[in-house]
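*Asks:* Got coords-v9.cif for you, mmCIF, C-alpha atoms:
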```
data_model
loop_
_atom_site.label_atom_id
_atom_site.label_comp_id
_atom_site.auth_asym_id
_atom_site.auth_seq_id
_atom_site.Cartn_x
_atom_site.Cartn_y
_atom_site.Cartn_z
CA MET A 26 9.20 7.43 9.72
CA LEU A 27 9.99 8.46 6.18
CA THR A 28 9.26 12.01 5.07
CA PRO A 29 8.69 13.59 1.66
CA GLY A 30 11.96 13.90 -0.23
CA SER A 31 13.50 10.82 1.43
CA PRO A 32 14.71 8.03 -0.80
CA ALA A 33 12.24 5.14 -0.62
CA PRO A 34 13.81 2.03 0.91
CA ALA A 35 14.51 -0.64 -1.70
CA PHE A 36 12.42 -3.78 -1.56
CA SER A 37 11.87 -7.02 -3.41
CA LEU A 38 8.79 -8.99 -2.39
CA PRO A 39 6.81 -11.95 -3.68
CA SER A 40 3.50 -11.00 -5.29
CA ASP A 41 0.09 -12.63 -5.54
CA GLU A 42 0.85 -13.09 -9.26
CA GLY A 43 3.74 -15.48 -8.57
CA THR A 44 6.42 -12.94 -9.46
CA THR A 45 8.81 -10.85 -7.41
CA VAL A 46 8.26 -7.10 -7.43
CA ALA A 47 11.26 -4.87 -6.79
CA LEU A 48 11.14 -1.11 -6.36
CA LYS A 49 14.09 -0.69 -8.74
CA ASP A 50 11.97 -2.19 -11.53
CA LEU A 51 9.39 0.58 -11.08
CA LYS A 52 11.72 3.54 -11.70
CA GLY A 53 10.06 6.04 -13.98
CA ARG A 54 6.61 5.32 -12.54
CA LYS A 55 4.70 6.77 -9.63
CA VAL A 56 3.93 4.13 -7.02
CA VAL A 57 1.12 4.09 -4.47
CA LEU A 58 2.53 1.79 -1.79
CA TYR A 59 -0.10 1.08 0.81
CA PHE A 60 0.55 -0.97 3.92
CA TYR A 61 -2.45 -2.68 5.47
CA PRO A 62 -2.74 -5.05 8.45
CA LYS A 63 -4.59 -8.14 7.18
CA ASP A 64 -6.51 -9.60 4.25
CA GLU A 65 -10.25 -10.15 4.75
CA THR A 66 -10.67 -7.72 7.66
CA SER A 67 -13.31 -5.01 7.43
CA GLY A 68 -11.05 -1.94 7.22
CA CYS A 69 -8.60 -3.60 4.84
CA THR A 70 -11.41 -4.76 2.58
CA ILE A 71 -12.90 -1.26 2.45
CA GLU A 72 -9.50 0.22 1.61
CA ALA A 73 -8.73 -2.38 -1.08
CA CYS A 74 -12.17 -2.07 -2.70
CA GLU A 75 -11.88 1.72 -2.82
CA PHE A 76 -8.51 1.39 -4.59
CA ARG A 77 -10.18 -1.12 -6.93
CA ASP A 78 -13.02 1.28 -7.67
CA SER A 79 -10.62 4.16 -8.42
CA TRP A 80 -8.17 1.95 -10.34
CA ALA A 81 -8.80 3.50 -13.78
CA ALA A 82 -8.35 7.04 -12.45
CA VAL A 83 -5.17 6.07 -10.58
CA ARG A 84 -3.75 4.57 -13.78
CA ARG A 85 -4.69 7.71 -15.73
CA ALA A 86 -2.71 9.65 -13.13
CA GLY A 87 0.28 7.51 -14.12
CA ALA A 88 0.57 5.42 -10.96
CA VAL A 89 0.77 1.77 -10.05
CA VAL A 90 -0.83 0.53 -6.80
CA LEU A 91 0.88 -2.04 -4.56
CA GLY A 92 -0.75 -3.34 -1.39
CA VAL A 93 1.59 -4.75 1.26
CA SER A 94 0.73 -6.83 4.31
CA PRO A 95 2.33 -9.63 6.34
CA ASP A 96 -0.14 -12.16 4.89
CA GLY A 97 1.20 -14.90 2.64
CA ILE A 98 0.69 -15.34 -1.10
CA ALA A 99 -2.21 -17.82 -0.79
CA SER A 100 -4.13 -15.39 1.42
CA HIS A 101 -3.44 -12.53 -1.01
CA GLN A 102 -4.61 -14.61 -3.97
CA LYS A 103 -7.88 -15.50 -2.25
CA PHE A 104 -8.46 -11.87 -1.16
CA LYS A 105 -7.68 -10.57 -4.65
CA ARG A 106 -10.02 -13.07 -6.36
CA LYS A 107 -12.87 -12.54 -3.92
CA TYR A 108 -12.90 -8.75 -4.36
CA GLU A 109 -11.66 -8.64 -7.98
CA LEU A 110 -8.71 -6.44 -7.09
CA PRO A 111 -6.89 -5.26 -10.25
CA PHE A 112 -3.62 -4.34 -8.52
CA THR A 113 -0.75 -6.32 -7.07
CA LEU A 114 -0.57 -7.49 -3.45
CA LEU A 115 2.85 -8.13 -1.91
CA ALA A 116 3.69 -10.54 0.90
CA ASP A 117 5.94 -9.05 3.60
CA GLU A 118 5.70 -12.06 5.91
CA ASP A 119 8.75 -11.16 8.00
CA HIS A 120 7.63 -7.49 8.02
CA ALA A 121 11.15 -6.37 7.03
CA VAL A 122 9.83 -3.93 4.41
CA ALA A 123 7.22 -2.58 6.83
CA GLU A 124 10.03 -1.99 9.33
CA ALA A 125 12.19 -0.27 6.69
CA TYR A 126 9.28 2.09 5.93
CA GLY A 127 8.63 2.69 9.64
CA VAL A 128 5.13 1.22 9.59
CA TRP A 129 5.64 -1.79 11.88
CA GLY A 130 4.90 -0.78 15.43
CA GLU A 131 3.00 -1.20 18.64
CA LYS A 132 -0.76 -1.35 18.44
CA SER A 133 -3.46 -1.91 21.01
CA MET A 134 -6.80 -3.74 20.81
CA TYR A 135 -9.07 -4.28 23.78
CA GLY A 136 -6.24 -3.32 26.10
CA ARG A 137 -3.86 -5.89 24.61
CA LYS A 138 -0.65 -4.53 23.11
CA TYR A 139 0.97 -6.19 20.10
CA HIS A 140 3.06 -5.32 17.05
CA GLY A 141 1.62 -5.00 13.57
CA ILE A 142 1.21 -2.82 10.50
CA LEU A 143 0.40 0.82 11.16
CA ARG A 144 -1.95 1.56 8.25
CA THR A 145 0.09 3.95 6.11
CA THR A 146 0.31 4.89 2.42
CA PHE A 147 3.27 6.31 0.53
CA ILE A 148 3.26 7.93 -2.88
CA LEU A 149 6.67 7.40 -4.43
CA ASP A 150 7.76 9.57 -7.34
CA GLU A 151 9.32 8.43 -10.60
CA ARG A 152 12.82 8.71 -9.09
CA GLY A 153 12.02 6.41 -6.18
CA ARG A 154 11.69 9.18 -3.60
CA VAL A 155 8.88 9.63 -1.12
CA ALA A 156 6.52 12.28 -2.48
CA ARG A 157 3.72 11.98 0.08
CA VAL A 158 2.99 10.10 3.31
CA PHE A 159 -0.47 9.34 4.66
CA ASN A 160 -0.25 8.29 8.33
CA LYS A 161 -3.01 6.79 10.48
CA VAL A 162 -5.09 6.11 7.39
CA ARG A 163 -8.84 5.78 7.73
CA PRO A 164 -9.93 3.27 5.08
CA GLU A 165 -13.12 5.04 4.04
CA GLY A 166 -12.34 7.77 1.54
CA HIS A 167 -8.62 7.07 1.48
CA ALA A 168 -8.37 6.10 -2.19
CA ALA A 169 -10.01 9.41 -3.16
CA GLU A 170 -7.50 11.25 -0.98
CA VAL A 171 -4.61 9.45 -2.70
CA LEU A 172 -6.08 10.12 -6.14
CA ALA A 173 -6.37 13.84 -5.36
CA ALA A 174 -2.72 13.89 -4.29
CA LEU A 175 -1.69 12.08 -7.50
CA LYS A 176 -3.57 14.61 -9.61
CA ASP A 177 -1.89 17.48 -7.74
CA ARG A 178 1.52 15.92 -8.47
CA ARG A 179 0.79 15.38 -12.15
CA ASP A 180 1.47 19.05 -12.84
CA ASP A 181 4.69 19.17 -10.81
CA PRO A 182 7.93 19.66 -12.76
#
```
Mind turning this structure into structure tokens?
*Replies:*
Amino acid sequence: MLTPGSPAPAFSLPSDEGTTVALKDLKGRKVVLYFYPKDETSGCTIEACEFRDSWAAVRRAGAVVLGVSPDGIASHQKFKRKYELPFTLLADEDHAVAEAYGVWGEKSMYGRKYHGILRTTFILDERGRVARVFNKVRPEGHAAEVLAALKDRRDDP
């Protein structure tokens, strides 16, 4: 798992907007990189809608939000349209980026074990380093928690 101060692993992923988003292209900006398991599920919808609802405040804090899941572009586009999400969703279909960030791991549901996204959010600083890690994220209230952390960092040298 990555820790604050670590360099953020480079990535280049297809987006719901039909472009490719690369971390190197975001240098000089704070990035909220949130990994979520699946479009259209209850927890993921709550988390995405809370980021949507705090979008203006996150932008005022100088950050860009990127949601990452193993879903494909078509799924992301439908999810984004349905909930009017103003931020970019990235498709990590082979979960290589999730693995690089240490958020692909064993999960359990109804006694069945499987591998998937461990809901985690990273705040990356303007230099591409990990500034903050939120593990075992609970969707409700998470966007407010991230926004508070962004505001705290705004005054950092």
*Asks:* When you draw a straight line from CA of Ser67 in chain A to CA of Gly136 in chain A, how long is it in Å?
*Replies:*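 Computing it gives 20.0 Å between the two atoms.
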*Asks:* Quick one: which residues end up in the PyMOL selection byres ((chain A and resi 148) around 10) for this structure, as a list in words?
*Replies:*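 Checked against the file, the PyMOL selection byres ((chain A and resi 148) around 10) matches Pro29, Ala33, Lys55, Val56, Val57, Leu58, Tyr59, Ala88, Val89, Val90, Thr146, Phe147, Leu149, Asp150, Glu151, Gly153, Arg154, Val155, Ala156, Arg157, Val158, Phe159, Val171, Ala174, Leu175 and Arg178 of chain A.
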*Asks:* Suppose a student applies the PyMOL selection byres ((chain A and resi 26) around 8) to this structure; what residues should they get, written as a list in words?
*Replies:*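 For this structure, the PyMOL selection byres ((chain A and resi 26) around 8) captures Leu27, Thr28, Tyr126, Gly127 and Val128 of chain A.
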*Asks:* Can you spell out as JSON, numbers by chain the set of residues that the PyMOL selection byres ((chain A and resi 92) around 8) selects in the structure I just provided?
*Replies:* {"A": [58, 59, 60, 61, 90, 91, 93, 94, 112, 113, 114, 115]}
*Asks:* Rank nothing, just name the residue among A:Ala35, A:Ala99, A:Ala173, A:Leu110 nearest to Lys49 in chain A, using only C-alpha atoms.
*Replies:*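 Checking each candidate against Lys49 in chain A, we get A:Ala35 as the closest.
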*Asks:* Find, counting all atoms listed in the file, the residue in A:Gly141, A:Arg152, A:Tyr108, A:Pro62 that gets nearest to Phe76 in chain A.
*Replies:*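 Closest to Phe76 in chain A of all the choices is A:Tyr108.
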*Asks:* Just the residues within 7 Å of Gly87 in chain A, please, counting all atoms listed in the file, with nothing from its chain fewer than 3 positions along; format it as JSON, numbers by chain.
*Replies:* {"A": [54, 55, 83, 84]}
*Asks:* When you count all atoms listed in the file, which of these residues is closest to Ala168 in chain A: A:Ala121, A:Ala82, A:Ala116, A:Ile98?
*Replies:*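 With all atoms listed in the file as the atom set, the closest residue is A:Ala82.
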*Asks:* Could you work out an axis-aligned box for range 164-175 of chain A, taking every atom the file lists and adding 4 Å on each side, and report centre and edge lengths in Å to one decimal, as lines of an AutoDock Vina configuration file?
*Replies:*
```
center_x = -7.4
center_y = 8.6
center_z = -1.2
size_x = 19.4
size_y = 18.6
size_z = 20.6
```
*Asks:* Which neighbours of Pro164 in chain A fall inside 9 Å, counting only C-alpha atoms, when residues of the same chain fewer than 2 positions from it are skipped, and could you give them as JSON, numbers by chain?
*Replies:* {"A": [68, 69, 70, 71, 72, 73, 75, 144, 162, 166, 167, 168]}
*Asks:* Reconstruct N, CA and C atoms of range 131-162 of chain A; output as a JSON list (two decimals), keeping the file's coordinate frame.
*Replies:*
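The resulting file, part07.json, is shown below:
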```
[["chain", "number", "residue", "atom", "x", "y", "z"],
["A", 131, "GLU", "N", 3.89, -0.75, 17.58],
["A", 131, "GLU", "CA", 3.00, -1.20, 18.64],
["A", 131, "GLU", "C", 1.58, -0.71, 18.38],
["A", 132, "LYS", "N", 0.65, -1.64, 18.58],
["A", 132, "LYS", "CA", -0.76, -1.35, 18.44],
["A", 132, "LYS", "C", -1.46, -1.84, 19.70],
["A", 133, "SER", "N", -2.71, -1.48, 19.84],
["A", 133, "SER", "CA", -3.46, -1.91, 21.01],
["A", 133, "SER", "C", -4.90, -2.23, 20.59],
["A", 134, "MET", "N", -5.40, -3.38, 21.07],
["A", 134, "MET", "CA", -6.80, -3.74, 20.81],
["A", 134, "MET", "C", -7.35, -4.37, 22.08],
["A", 135, "TYR", "N", -8.43, -3.80, 22.56],
["A", 135, "TYR", "CA", -9.07, -4.28, 23.78],
["A", 135, "TYR", "C", -8.09, -4.37, 24.94],
["A", 136, "GLY", "N", -7.20, -3.39, 25.02],
["A", 136, "GLY", "CA", -6.24, -3.32, 26.10],
["A", 136, "GLY", "C", -5.01, -4.20, 25.93],
["A", 137, "ARG", "N", -5.00, -5.02, 24.87],
["A", 137, "ARG", "CA", -3.86, -5.89, 24.61],
["A", 137, "ARG", "C", -2.91, -5.20, 23.63],
["A", 138, "LYS", "N", -1.65, -5.16, 23.98],
["A", 138, "LYS", "CA", -0.65, -4.53, 23.11],
["A", 138, "LYS", "C", 0.04, -5.61, 22.27],
["A", 139, "TYR", "N", 0.30, -5.28, 21.02],
["A", 139, "TYR", "CA", 0.97, -6.19, 20.10],
["A", 139, "TYR", "C", 1.62, -5.37, 19.00],
["A", 140, "HIS", "N", 2.42, -6.00, 18.17],
["A", 140, "HIS", "CA", 3.06, -5.32, 17.05],
["A", 140, "HIS", "C", 2.38, -5.72, 15.73],
["A", 141, "GLY", "N", 2.25, -4.75, 14.86],
["A", 141, "GLY", "CA", 1.62, -5.00, 13.57],
["A", 141, "GLY", "C", 1.81, -3.82, 12.65],
["A", 142, "ILE", "N", 1.15, -3.89, 11.50],
["A", 142, "ILE", "CA", 1.21, -2.82, 10.50],
["A", 142, "ILE", "C", 0.43, -1.61, 11.00],
["A", 143, "LEU", "N", 1.07, -0.46, 10.90],
["A", 143, "LEU", "CA", 0.40, 0.82, 11.16],
["A", 143, "LEU", "C", -0.07, 1.29, 9.79],
["A", 144, "ARG", "N", -1.38, 1.29, 9.58],
["A", 144, "ARG", "CA", -1.95, 1.56, 8.25],
["A", 144, "ARG", "C", -1.42, 2.88, 7.71],
["A", 145, "THR", "N", -0.61, 2.80, 6.66],
["A", 145, "THR", "CA", 0.09, 3.95, 6.11],
["A", 145, "THR", "C", 0.21, 3.79, 4.59],
["A", 146, "THR", "N", 0.14, 4.90, 3.87],
["A", 146, "THR", "CA", 0.31, 4.89, 2.42],
["A", 146, "THR", "C", 1.39, 5.87, 2.03],
["A", 147, "PHE", "N", 2.22, 5.46, 1.08],
["A", 147, "PHE", "CA", 3.27, 6.31, 0.53],
["A", 147, "PHE", "C", 3.02, 6.49, -0.96],
["A", 148, "ILE", "N", 3.18, 7.70, -1.44],
["A", 148, "ILE", "CA", 3.26, 7.93, -2.88],
["A", 148, "ILE", "C", 4.74, 8.14, -3.16],
["A", 149, "LEU", "N", 5.27, 7.30, -4.04],
["A", 149, "LEU", "CA", 6.67, 7.40, -4.43],
["A", 149, "LEU", "C", 6.73, 8.00, -5.83],
["A", 150, "ASP", "N", 7.66, 8.93, -6.03],
["A", 150, "ASP", "CA", 7.76, 9.57, -7.34],
["A", 150, "ASP", "C", 8.54, 8.70, -8.32],
["A", 151, "GLU", "N", 8.67, 9.18, -9.53],
["A", 151, "GLU", "CA", 9.32, 8.43, -10.60],
["A", 151, "GLU", "C", 10.79, 8.16, -10.34],
["A", 152, "ARG", "N", 11.40, 8.90, -9.43],
["A", 152, "ARG", "CA", 12.82, 8.71, -9.09],
["A", 152, "ARG", "C", 13.01, 7.80, -7.89],
["A", 153, "GLY", "N", 11.91, 7.29, -7.34],
["A", 153, "GLY", "CA", 12.02, 6.41, -6.18],
["A", 153, "GLY", "C", 12.17, 7.16, -4.87],
["A", 154, "ARG", "N", 11.66, 8.38, -4.83],
["A", 154, "ARG", "CA", 11.69, 9.18, -3.60],
["A", 154, "ARG", "C", 10.27, 9.29, -3.06],
["A", 155, "VAL", "N", 10.18, 9.47, -1.75],
["A", 155, "VAL", "CA", 8.88, 9.63, -1.12],
["A", 155, "VAL", "C", 8.33, 11.01, -1.49],
["A", 156, "ALA", "N", 7.16, 11.02, -2.10],
["A", 156, "ALA", "CA", 6.52, 12.28, -2.48],
["A", 156, "ALA", "C", 5.47, 12.69, -1.46],
["A", 157, "ARG", "N", 4.80, 11.69, -0.86],
["A", 157, "ARG", "CA", 3.72, 11.98, 0.08],
["A", 157, "ARG", "C", 3.57, 10.82, 1.04],
["A", 158, "VAL", "N", 3.23, 11.12, 2.29],
["A", 158, "VAL", "CA", 2.99, 10.10, 3.31],
["A", 158, "VAL", "C", 1.62, 10.34, 3.92],
["A", 159, "PHE", "N", 0.83, 9.30, 4.00],
["A", 159, "PHE", "CA", -0.47, 9.34, 4.66],
["A", 159, "PHE", "C", -0.37, 8.44, 5.88],
["A", 160, "ASN", "N", -0.34, 9.03, 7.07],
["A", 160, "ASN", "CA", -0.25, 8.29, 8.33],
["A", 160, "ASN", "C", -1.64, 8.08, 8.93],
["A", 161, "LYS", "N", -1.76, 7.06, 9.76],
["A", 161, "LYS", "CA", -3.01, 6.79, 10.48],
["A", 161, "LYS", "C", -4.20, 6.84, 9.53],
["A", 162, "VAL", "N", -4.08, 6.12, 8.45],
["A", 162, "VAL", "CA", -5.09, 6.11, 7.39],
["A", 162, "VAL", "C", -6.42, 5.58, 7.90]]
```
